[in-house]
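Peer 1: This is the content of work18.json (JSON, C-alpha atoms):
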```json
[["chain", "number", "residue", "atom", "x", "y", "z"],
["W", 1, "MET", "CA", -73.70, -64.25, -110.16],
["W", 2, "LYS", "CA", -73.22, -62.72, -106.69],
["W", 3, "ASN", "CA", -76.04, -60.21, -107.20],
["W", 4, "GLY", "CA", -78.42, -62.94, -108.30],
["W", 5, "LEU", "CA", -77.59, -65.09, -105.27],
["W", 6, "ALA", "CA", -77.92, -62.11, -102.90],
["W", 7, "ARG", "CA", -81.28, -61.20, -104.43],
["W", 8, "LEU", "CA", -82.50, -64.80, -104.14],
["W", 9, "THR", "CA", -81.37, -64.96, -100.51],
["W", 10, "LYS", "CA", -83.16, -61.68, -99.72],
["W", 11, "ASP", "CA", -86.33, -62.89, -101.48],
["W", 12, "VAL", "CA", -86.28, -66.14, -99.48],
["W", 13, "LEU", "CA", -85.73, -64.30, -96.18],
["W", 14, "ASP", "CA", -88.48, -61.82, -97.01],
["W", 15, "ALA", "CA", -90.85, -64.69, -97.86],
["W", 16, "ILE", "CA", -90.07, -66.39, -94.54],
["W", 17, "ALA", "CA", -90.58, -63.12, -92.64],
["W", 18, "ALA", "CA", -93.85, -62.40, -94.47],
["W", 19, "THR", "CA", -95.28, -65.71, -93.30],
["W", 20, "ASP", "CA", -93.95, -65.32, -89.76],
["W", 21, "PRO", "CA", -96.65, -63.89, -87.48],
["W", 22, "GLN", "CA", -93.97, -63.66, -84.77],
["W", 23, "ASP", "CA", -92.05, -60.89, -86.63],
["W", 24, "THR", "CA", -92.41, -58.59, -83.67],
["W", 25, "GLN", "CA", -88.87, -58.65, -82.22],
["W", 26, "ARG", "CA", -86.70, -55.73, -83.19],
["W", 27, "LEU", "CA", -83.17, -54.53, -82.60],
["W", 28, "ALA", "CA", -83.02, -51.08, -81.04],
["W", 29, "ASP", "CA", -81.95, -48.20, -83.29],
["W", 30, "GLU", "CA", -78.95, -47.62, -81.00],
["W", 31, "ARG", "CA", -77.80, -51.20, -81.56],
["W", 32, "LEU", "CA", -78.24, -50.92, -85.32],
["W", 33, "GLN", "CA", -76.35, -47.61, -85.29],
["W", 34, "ALA", "CA", -73.44, -49.26, -83.43],
["W", 35, "LEU", "CA", -73.37, -51.87, -86.21],
["W", 36, "ILE", "CA", -73.40, -49.18, -88.93],
["W", 37, "ASP", "CA", -70.63, -47.22, -87.21],
["W", 38, "GLY", "CA", -68.51, -50.36, -86.92],
["W", 39, "ARG", "CA", -68.35, -50.12, -83.13],
["W", 40, "GLU", "CA", -69.83, -53.55, -82.39],
["W", 41, "PRO", "CA", -70.55, -56.55, -84.63],
["W", 42, "LEU", "CA", -73.83, -58.39, -84.24],
["W", 43, "THR", "CA", -74.02, -61.35, -81.91],
["W", 44, "LEU", "CA", -75.24, -64.68, -83.28],
["W", 45, "PRO", "CA", -78.79, -64.23, -81.87],
["W", 46, "GLU", "CA", -78.91, -60.69, -83.32],
["W", 47, "ARG", "CA", -77.81, -61.99, -86.74],
["W", 48, "ARG", "CA", -80.56, -64.60, -86.60],
["W", 49, "LEU", "CA", -83.08, -61.92, -85.69],
["W", 50, "LEU", "CA", -81.89, -59.74, -88.58],
["W", 51, "ALA", "CA", -82.19, -62.70, -90.96],
["W", 52, "ARG", "CA", -85.75, -63.44, -89.84],
["W", 53, "SER", "CA", -87.14, -59.92, -89.55],
["W", 54, "ALA", "CA", -87.84, -57.99, -92.75],
["W", 55, "VAL", "CA", -88.86, -54.97, -90.68],
["W", 56, "THR", "CA", -85.51, -54.94, -88.86],
["W", 57, "ARG", "CA", -83.63, -55.24, -92.18],
["W", 58, "ASP", "CA", -85.65, -52.34, -93.59],
["W", 59, "ARG", "CA", -84.88, -50.26, -90.50],
["W", 60, "LEU", "CA", -81.17, -51.06, -90.84],
["W", 61, "GLY", "CA", -81.30, -49.96, -94.48],
["W", 62, "TRP", "CA", -83.02, -46.72, -93.54],
["W", 63, "LEU", "CA", -80.46, -45.99, -90.78],
["W", 64, "ARG", "CA", -77.59, -46.69, -93.22],
["W", 65, "HIS", "CA", -79.14, -44.27, -95.69],
["W", 66, "LEU", "CA", -79.53, -41.65, -92.95],
["W", 67, "ALA", "CA", -75.90, -42.12, -91.78],
["W", 68, "ARG", "CA", -74.66, -41.71, -95.36],
["W", 69, "ALA", "CA", -76.72, -38.53, -95.82],
["W", 70, "ARG", "CA", -75.35, -37.11, -92.56],
["W", 71, "SER", "CA", -71.79, -37.91, -93.63],
["W", 72, "LEU", "CA", -72.30, -36.23, -97.00],
["W", 73, "ALA", "CA", -73.74, -33.16, -95.24],
["W", 74, "ALA", "CA", -70.74, -33.07, -92.89],
["W", 75, "TRP", "CA", -68.40, -33.35, -95.89],
["W", 76, "GLN", "CA", -70.13, -30.42, -97.58],
["W", 77, "ALA", "CA", -70.06, -28.32, -94.39],
["W", 78, "GLN", "CA", -66.31, -28.90, -94.11],
["W", 79, "ALA", "CA", -65.74, -28.49, -97.88],
["W", 80, "LEU", "CA", -64.54, -32.10, -98.06],
["W", 81, "GLY", "CA", -66.96, -33.17, -100.81],
["W", 82, "PRO", "CA", -66.28, -36.28, -102.89],
["W", 83, "GLN", "CA", -63.91, -35.54, -105.73],
["W", 84, "PRO", "CA", -63.41, -38.10, -108.49],
["W", 85, "LEU", "CA", -59.87, -39.15, -109.32],
["W", 86, "GLN", "CA", -59.20, -39.71, -113.01],
["W", 87, "LEU", "CA", -57.51, -43.03, -113.67],
["W", 88, "LEU", "CA", -57.11, -42.70, -117.42],
["W", 89, "ALA", "CA", -54.34, -40.12, -117.39],
["W", 90, "ALA", "CA", -52.37, -41.95, -114.72],
["W", 91, "ALA", "CA", -52.75, -45.32, -116.44],
["W", 92, "ASP", "CA", -51.74, -43.95, -119.84],
["W", 93, "GLU", "CA", -48.40, -42.73, -118.48],
["W", 94, "THR", "CA", -47.28, -46.30, -117.90],
["W", 95, "PRO", "CA", -46.67, -48.44, -121.01],
["W", 96, "SER", "CA", -47.57, -51.74, -119.35],
["W", 97, "VAL", "CA", -49.12, -53.04, -116.15],
["W", 98, "ALA", "CA", -47.54, -50.99, -113.38],
["W", 99, "PRO", "CA", -48.47, -49.37, -110.07],
["W", 100, "VAL", "CA", -50.76, -46.35, -110.32],
["W", 101, "ARG", "CA", -51.00, -43.72, -107.59],
["W", 102, "LEU", "CA", -53.69, -41.05, -107.62],
["W", 103, "VAL", "CA", -53.58, -38.21, -105.13],
["W", 104, "GLY", "CA", -56.66, -36.16, -104.30],
["W", 105, "GLU", "CA", -57.22, -33.41, -101.80],
["W", 106, "HIS", "CA", -58.53, -35.62, -98.96],
["W", 107, "TYR", "CA", -57.62, -39.13, -100.05],
["W", 108, "SER", "CA", -55.25, -41.01, -102.33],
["W", 109, "VAL", "CA", -55.56, -44.32, -104.13],
["W", 110, "ALA", "CA", -52.72, -46.73, -104.88],
["W", 111, "LEU", "CA", -53.26, -49.60, -107.33],
["W", 112, "ILE", "CA", -50.42, -52.10, -107.03],
["W", 113, "PRO", "CA", -50.13, -55.20, -109.25],
["W", 114, "ALA", "CA", -49.63, -58.34, -107.18],
["W", 115, "ASP", "CA", -48.49, -60.46, -110.14],
["W", 116, "LEU", "CA", -46.59, -59.89, -113.38],
["W", 117, "GLN", "CA", -49.64, -60.49, -115.59],
["W", 118, "GLY", "CA", -51.77, -57.82, -113.90],
["W", 119, "ARG", "CA", -54.56, -60.17, -112.83],
["W", 120, "ALA", "CA", -54.26, -59.59, -109.08],
["W", 121, "TRP", "CA", -54.16, -56.04, -107.70],
["W", 122, "ARG", "CA", -53.89, -54.56, -104.22],
["W", 123, "ILE", "CA", -56.05, -51.45, -103.77],
["W", 124, "ALA", "CA", -55.09, -49.08, -100.96],
["W", 125, "VAL", "CA", -56.94, -45.87, -100.11],
["W", 126, "GLN", "CA", -55.28, -43.43, -97.69],
["W", 127, "ILE", "CA", -57.93, -41.20, -96.13],
["W", 128, "ALA", "CA", -57.36, -37.85, -94.39],
["W", 129, "SER", "CA", -58.27, -37.61, -90.69],
["W", 130, "PRO", "CA", -60.96, -34.90, -91.13],
["W", 131, "LEU", "CA", -62.76, -37.11, -93.65],
["W", 132, "ILE", "CA", -62.59, -40.10, -91.30],
["W", 133, "ALA", "CA", -63.93, -38.02, -88.41],
["W", 134, "ALA", "CA", -66.88, -36.85, -90.54],
["W", 135, "THR", "CA", -67.75, -40.37, -91.70],
["W", 136, "PRO", "CA", -68.53, -42.83, -88.89],
["W", 137, "GLY", "CA", -70.38, -45.22, -91.22],
["W", 138, "GLY", "CA", -67.34, -46.18, -93.32],
["W", 139, "PHE", "CA", -66.40, -45.61, -96.95],
["W", 140, "GLN", "CA", -66.88, -46.97, -100.45],
["W", 141, "LEU", "CA", -64.47, -46.54, -103.35],
["W", 142, "VAL", "CA", -66.78, -46.43, -106.39],
["W", 143, "ASP", "CA", -65.96, -45.98, -110.05],
["W", 144, "SER", "CA", -67.86, -43.82, -112.55],
["W", 145, "GLU", "CA", -69.79, -46.89, -113.76],
["W", 146, "GLY", "CA", -71.13, -47.60, -110.26],
["W", 147, "LEU", "CA", -68.88, -50.55, -109.41],
["W", 148, "VAL", "CA", -67.79, -50.66, -105.75],
["W", 149, "TRP", "CA", -64.06, -51.44, -105.59],
["W", 150, "LEU", "CA", -63.72, -51.35, -101.79],
["W", 151, "ALA", "CA", -66.02, -50.82, -98.85],
["W", 152, "GLY", "CA", -65.39, -50.67, -95.14],
["W", 153, "TYR", "CA", -63.70, -48.79, -92.36],
["W", 154, "PRO", "CA", -60.14, -47.49, -92.48],
["W", 155, "ASP", "CA", -57.59, -48.94, -90.07],
["W", 156, "ALA", "CA", -55.85, -46.93, -87.33],
["W", 157, "ALA", "CA", -53.45, -45.48, -89.93],
["W", 158, "GLY", "CA", -56.38, -44.20, -92.02],
["W", 159, "GLU", "CA", -55.97, -46.81, -94.75],
["W", 160, "LEU", "CA", -58.66, -48.93, -96.42],
["W", 161, "VAL", "CA", -57.13, -51.92, -98.22],
["W", 162, "GLY", "CA", -58.46, -54.71, -100.41],
["W", 163, "PHE", "CA", -57.85, -56.68, -103.59],
["W", 164, "TRP", "CA", -59.41, -56.58, -107.04],
["W", 165, "GLN", "CA", -62.02, -59.35, -107.06],
["W", 166, "ARG", "CA", -63.44, -59.16, -110.60],
["W", 167, "GLU", "CA", -62.89, -61.23, -113.70],
["W", 168, "GLU", "CA", -62.47, -58.10, -115.80],
["W", 169, "PRO", "CA", -58.82, -57.07, -115.75],
["W", 170, "LEU", "CA", -58.34, -53.96, -113.64],
["W", 171, "TRP", "CA", -55.85, -52.57, -116.15],
["W", 172, "GLU", "CA", -58.59, -52.48, -118.80],
["W", 173, "ARG", "CA", -61.08, -50.84, -116.44],
["W", 174, "VAL", "CA", -58.74, -48.04, -115.38],
["W", 175, "HIS", "CA", -58.70, -46.79, -118.97],
["W", 176, "ARG", "CA", -62.39, -45.90, -118.94],
["W", 177, "VAL", "CA", -63.44, -44.96, -115.38],
["W", 178, "SER", "CA", -62.74, -42.47, -112.63],
["W", 179, "LEU", "CA", -62.81, -43.28, -108.91],
["W", 180, "GLU", "CA", -64.63, -41.55, -106.10],
["W", 181, "LEU", "CA", -64.57, -42.08, -102.35],
["W", 182, "VAL", "CA", -68.04, -41.73, -100.80],
["W", 183, "PRO", "CA", -69.64, -42.53, -97.45],
["W", 184, "GLN", "CA", -70.85, -46.11, -97.16]]
```
Could you render the structure from this file as C-alpha coordinates?

Peer 2:
Amino acid sequence: MKNGLARLTKDVLDAIAATDPQDTQRLADERLQALIDGREPLTLPERRLLARSAVTRDRLGWLRHLARARSLAAWQAQALGPQPLQLLAAADETPSVAPVRLVGEHYSVALIPADLQGRAWRIAVQIASPLIAATPGGFQLVDSEGLVWLAGYPDAAGELVGFWQREEPLWERVHRVSLELVPQ
(Lines of atoms letter the chains of each structure in order from A and count residues from 1; the text may use other names and numbers.)
(Lines give C-alpha, C1' and ligand atoms only; values in the text may rest on other atoms or scores of the structure.)
Protein backbone atom coordinates (compact mmCIF):
# COMPACT_ATOMS: atom_id res chain seq x y z
CA MET A 1 0.00 0.00 0.00
CA LYS A 2 2.75 2.47 0.97
CA ASN A 3 4.72 1.81 -2.23
CA GLY A 4 1.65 2.38 -4.38
CA LEU A 5 0.86 5.66 -2.64
CA ALA A 6 4.49 6.82 -2.89
CA ARG A 7 4.56 5.95 -6.59
CA LEU A 8 1.27 7.79 -7.19
CA THR A 9 2.57 10.84 -5.32
CA LYS A 10 5.79 10.83 -7.36
CA ASP A 11 3.83 10.45 -10.62
CA VAL A 12 1.59 13.40 -9.69
CA LEU A 13 4.57 15.58 -8.74
CA ASP A 14 6.39 14.63 -11.94
CA ALA A 15 3.28 15.47 -13.99
CA ILE A 16 3.02 18.87 -12.30
CA ALA A 17 6.73 19.55 -12.88
CA ALA A 18 6.51 18.45 -16.52
CA THR A 19 3.82 21.03 -17.19
CA ASP A 20 5.60 23.76 -15.22
CA PRO A 21 7.63 25.97 -17.57
CA GLN A 22 9.02 27.67 -14.45
CA ASP A 23 10.98 24.54 -13.37
CA THR A 24 14.21 26.48 -13.44
CA GLN A 25 14.90 26.94 -9.71
CA ARG A 26 17.36 24.49 -8.23
CA LEU A 27 18.89 23.74 -4.87
CA ALA A 28 22.67 23.88 -4.90
CA ASP A 29 24.54 20.57 -4.73
CA GLU A 30 26.12 21.69 -1.45
CA ARG A 31 22.65 22.18 0.07
CA LEU A 32 21.46 18.79 -1.18
CA GLN A 33 24.64 17.18 0.18
CA ALA A 34 23.98 18.73 3.62
CA LEU A 35 20.53 17.13 3.49
CA ILE A 36 21.98 13.73 2.52
CA ASP A 37 24.60 13.90 5.27
CA GLY A 38 21.93 14.76 7.82
CA ARG A 39 23.59 18.06 8.73
CA GLU A 40 20.62 20.30 7.95
CA PRO A 41 16.96 19.53 7.22
CA LEU A 42 15.23 21.34 4.39
CA THR A 43 13.36 24.53 5.12
CA LEU A 44 9.70 24.78 4.13
CA PRO A 45 10.45 26.76 0.92
CA GLU A 46 13.16 24.22 0.00
CA ARG A 47 10.73 21.33 0.54
CA ARG A 48 8.22 23.06 -1.72
CA LEU A 49 10.89 23.55 -4.36
CA LEU A 50 11.88 19.88 -4.11
CA ALA A 51 8.22 18.86 -4.47
CA ARG A 52 7.76 21.00 -7.58
CA SER A 53 11.05 20.36 -9.36
CA ALA A 54 11.58 16.96 -10.99
CA VAL A 55 15.10 18.00 -11.98
CA THR A 56 16.00 18.81 -8.37
CA ARG A 57 14.58 15.46 -7.19
CA ASP A 58 16.60 13.65 -9.85
CA ARG A 59 19.74 15.51 -8.77
CA LEU A 60 19.08 14.58 -5.13
CA GLY A 61 18.71 10.94 -6.17
CA TRP A 62 21.97 11.06 -8.11
CA LEU A 63 23.83 12.66 -5.17
CA ARG A 64 22.42 10.01 -2.79
CA HIS A 65 23.63 7.29 -5.15
CA LEU A 66 27.06 8.93 -5.33
CA ALA A 67 27.28 9.26 -1.52
CA ARG A 68 26.37 5.59 -1.12
CA ALA A 69 29.02 4.55 -3.66
CA ARG A 70 31.65 6.65 -1.86
CA SER A 71 30.70 5.09 1.48
CA LEU A 72 30.95 1.58 0.05
CA ALA A 73 34.37 2.43 -1.43
CA ALA A 74 35.51 3.79 1.94
CA TRP A 75 34.25 0.60 3.63
CA GLN A 76 36.22 -1.53 1.18
CA ALA A 77 39.37 0.57 1.61
CA GLN A 78 39.15 0.12 5.38
CA ALA A 79 38.14 -3.57 5.09
CA LEU A 80 34.80 -2.75 6.73
CA GLY A 81 32.63 -4.26 3.98
CA PRO A 82 29.01 -5.20 4.65
CA GLN A 83 28.75 -8.60 6.25
CA PRO A 84 25.37 -10.31 6.54
CA LEU A 85 24.28 -11.55 9.94
CA GLN A 86 22.41 -14.85 9.90
CA LEU A 87 19.19 -14.67 11.89
CA LEU A 88 18.09 -18.27 11.44
CA ALA A 89 20.65 -19.84 13.76
CA ALA A 90 20.08 -17.26 16.48
CA ALA A 91 16.29 -17.53 16.25
CA ASP A 92 16.32 -21.33 16.33
CA GLU A 93 18.16 -21.36 19.66
CA THR A 94 15.14 -19.85 21.37
CA PRO A 95 12.02 -22.04 21.63
CA SER A 96 9.55 -19.15 21.58
CA VAL A 97 9.47 -15.42 20.94
CA ALA A 98 12.51 -14.04 22.74
CA PRO A 99 15.21 -11.40 22.29
CA VAL A 100 17.77 -12.13 19.59
CA ARG A 101 21.22 -10.55 19.55
CA LEU A 102 23.52 -10.86 16.55
CA VAL A 103 27.10 -9.65 16.76
CA GLY A 104 29.13 -8.87 13.66
CA GLU A 105 32.58 -7.45 13.23
CA HIS A 106 31.55 -3.79 12.87
CA TYR A 107 27.94 -3.75 14.03
CA SER A 108 25.48 -5.72 16.13
CA VAL A 109 21.72 -6.09 15.94
CA ALA A 110 19.36 -6.61 18.87
CA LEU A 111 15.76 -7.67 18.25
CA ILE A 112 13.73 -7.20 21.42
CA PRO A 113 10.04 -8.18 21.69
CA ALA A 114 7.95 -5.32 23.05
CA ASP A 115 4.93 -7.52 23.85
CA LEU A 116 4.34 -11.12 24.93
CA GLN A 117 2.77 -12.15 21.62
CA GLY A 118 5.76 -11.04 19.52
CA ARG A 119 3.84 -8.56 17.38
CA ALA A 120 5.82 -5.45 18.36
CA TRP A 121 9.62 -5.49 18.24
CA ARG A 122 12.32 -2.95 19.00
CA ILE A 123 15.24 -3.12 16.56
CA ALA A 124 18.55 -1.66 17.73
CA VAL A 125 21.73 -1.57 15.65
CA GLN A 126 24.99 -0.67 17.41
CA ILE A 127 27.50 0.60 14.84
CA ALA A 128 31.29 0.84 15.28
CA SER A 129 32.85 4.32 15.12
CA PRO A 130 35.04 3.62 12.03
CA LEU A 131 31.94 2.57 10.10
CA ILE A 132 30.08 5.71 11.17
CA ALA A 133 33.02 7.91 10.17
CA ALA A 134 33.13 6.30 6.72
CA THR A 135 29.39 6.72 6.14
CA PRO A 136 28.13 10.32 6.32
CA GLY A 137 24.94 9.51 4.39
CA GLY A 138 23.43 7.21 7.03
CA PHE A 139 22.64 3.50 7.11
CA GLN A 140 20.02 0.95 6.12
CA LEU A 141 19.46 -2.41 7.79
CA VAL A 142 18.28 -4.62 4.91
CA ASP A 143 17.35 -8.29 4.88
CA SER A 144 18.30 -10.84 2.22
CA GLU A 145 14.89 -10.37 0.54
CA GLY A 146 15.49 -6.64 0.07
CA LEU A 147 13.21 -5.37 2.85
CA VAL A 148 14.56 -2.30 4.67
CA TRP A 149 14.11 -2.79 8.43
CA LEU A 150 15.65 0.52 9.53
CA ALA A 151 17.13 3.55 7.83
CA GLY A 152 18.70 6.69 9.19
CA TYR A 153 21.58 8.11 11.13
CA PRO A 154 22.95 6.67 14.37
CA ASP A 155 22.66 8.73 17.54
CA ALA A 156 25.65 10.06 19.50
CA ALA A 157 26.14 6.62 21.08
CA GLY A 158 26.37 4.99 17.62
CA GLU A 159 22.95 3.36 17.83
CA LEU A 160 20.21 3.26 15.19
CA VAL A 161 16.85 2.33 16.72
CA GLY A 162 13.37 1.67 15.39
CA PHE A 163 10.38 -0.65 15.61
CA TRP A 164 9.08 -3.42 13.37
CA GLN A 165 6.36 -1.81 11.24
CA ARG A 166 5.11 -4.72 9.11
CA GLU A 167 2.06 -6.92 9.29
CA GLU A 168 4.18 -10.03 8.81
CA PRO A 169 5.35 -11.25 12.21
CA LEU A 170 9.05 -10.56 12.66
CA TRP A 171 9.53 -13.93 14.35
CA GLU A 172 8.45 -15.68 11.13
CA ARG A 173 10.72 -13.53 8.98
CA VAL A 174 13.84 -14.13 11.06
CA HIS A 175 13.64 -17.83 10.18
CA ARG A 176 14.26 -17.21 6.48
CA VAL A 177 16.42 -14.08 6.07
CA SER A 178 19.80 -12.65 6.96
CA LEU A 179 20.46 -8.99 7.77
CA GLU A 180 23.01 -6.62 6.34
CA LEU A 181 23.95 -3.06 7.26
CA VAL A 182 24.67 -0.94 4.17
CA PRO A 183 25.11 2.76 3.43
CA GLN A 184 21.85 4.59 2.83

Peer 1: Just give me the gap between atom CA of Tyr153 of chain W and atom CA of Gly138 of chain W in Å, one decimal is fine.

Peer 2: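 For atom CA of Tyr153 of chain W relative to atom CA of Gly138 of chain W, the distance reads 4.6 Å.
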
Peer 1: Find, counting only C-alpha atoms, the residue in W:Trp121, W:Tyr107, W:Trp164, W:Trp62 that gets nearest to Glu180 of chain W.

Peer 2: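 The shortest atom-to-atom distance to Glu180 of chain W comes from W:Tyr107.
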
Peer 1: Counting all atoms listed in the file, which of W:Leu131, W:Leu111, W:Leu102, W:Leu27 gets nearest to Ala54 of chain W?

Peer 2: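 Answer, going by the shortest atom-to-atom distance: W:Leu27.
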
Peer 1: For His65 of chain W, which residue among W:Ile36, W:Leu42, W:Val125, W:Leu181 is the nearest when counting all atoms listed in the file?

Peer 2: W:Ile36

Peer 1: Which value, in Å to one decimal, gives the distance between atom CA of Ser53 of chain W and atom CA of Ala151 of chain W?

Peer 2: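 The value is 24.8 Å.
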
Peer 1: Point out the residue among W:Val161, W:Val12, W:Leu141, W:Arg176 with the least atom-to-atom distance to Arg122 of chain W, counting only C-alpha atoms.

Peer 2: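 Ranking W:Val161, W:Val12, W:Leu141, W:Arg176 by distance to Arg122 of chain W, first place goes to W:Val161.
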
Peer 1: In terms of the shortest atom-to-atom distance over only C-alpha atoms, which of W:Ile123, W:Ala156, W:Ala73, W:Ala128 is closest to Gly104 of chain W?

Peer 2: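 Smallest separation from Gly104 of chain W among the options: W:Ala128.
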
Peer 1: Taking all atoms listed in the file into account, name the residue in W:Thr135, W:Gly162, W:Glu167, W:Gly146 that is nearest to Ile112 of chain W.

Peer 2: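 Answer, going by the shortest atom-to-atom distance: W:Gly162.
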
Peer 1: Kindly give the distance, in Å, that separates atom CA of Glu105 of chain W and atom CA of Ala157 of chain W, rounded to a single decimal.

Peer 2: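 Answer for the atom CA of Glu105 of chain W to atom CA of Ala157 of chain W separation: 17.3 Å.
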
Peer 1: Identify, on the basis of all atoms listed in the file, every residue whose closest approach to Arg31 of chain W does not exceed 12 Å; exclude the query and any residue fewer than 3 positions from it along the same chain; express the result as a list in words.

Peer 2: Arg26, Leu27, Ala28, Ala34, Leu35, Ile36, Asp37, Gly38, Arg39, Glu40, Pro41, Leu42, Thr43, Glu46, Arg47, Leu50, Thr56, Arg59, Leu60 and Leu63 of chain W
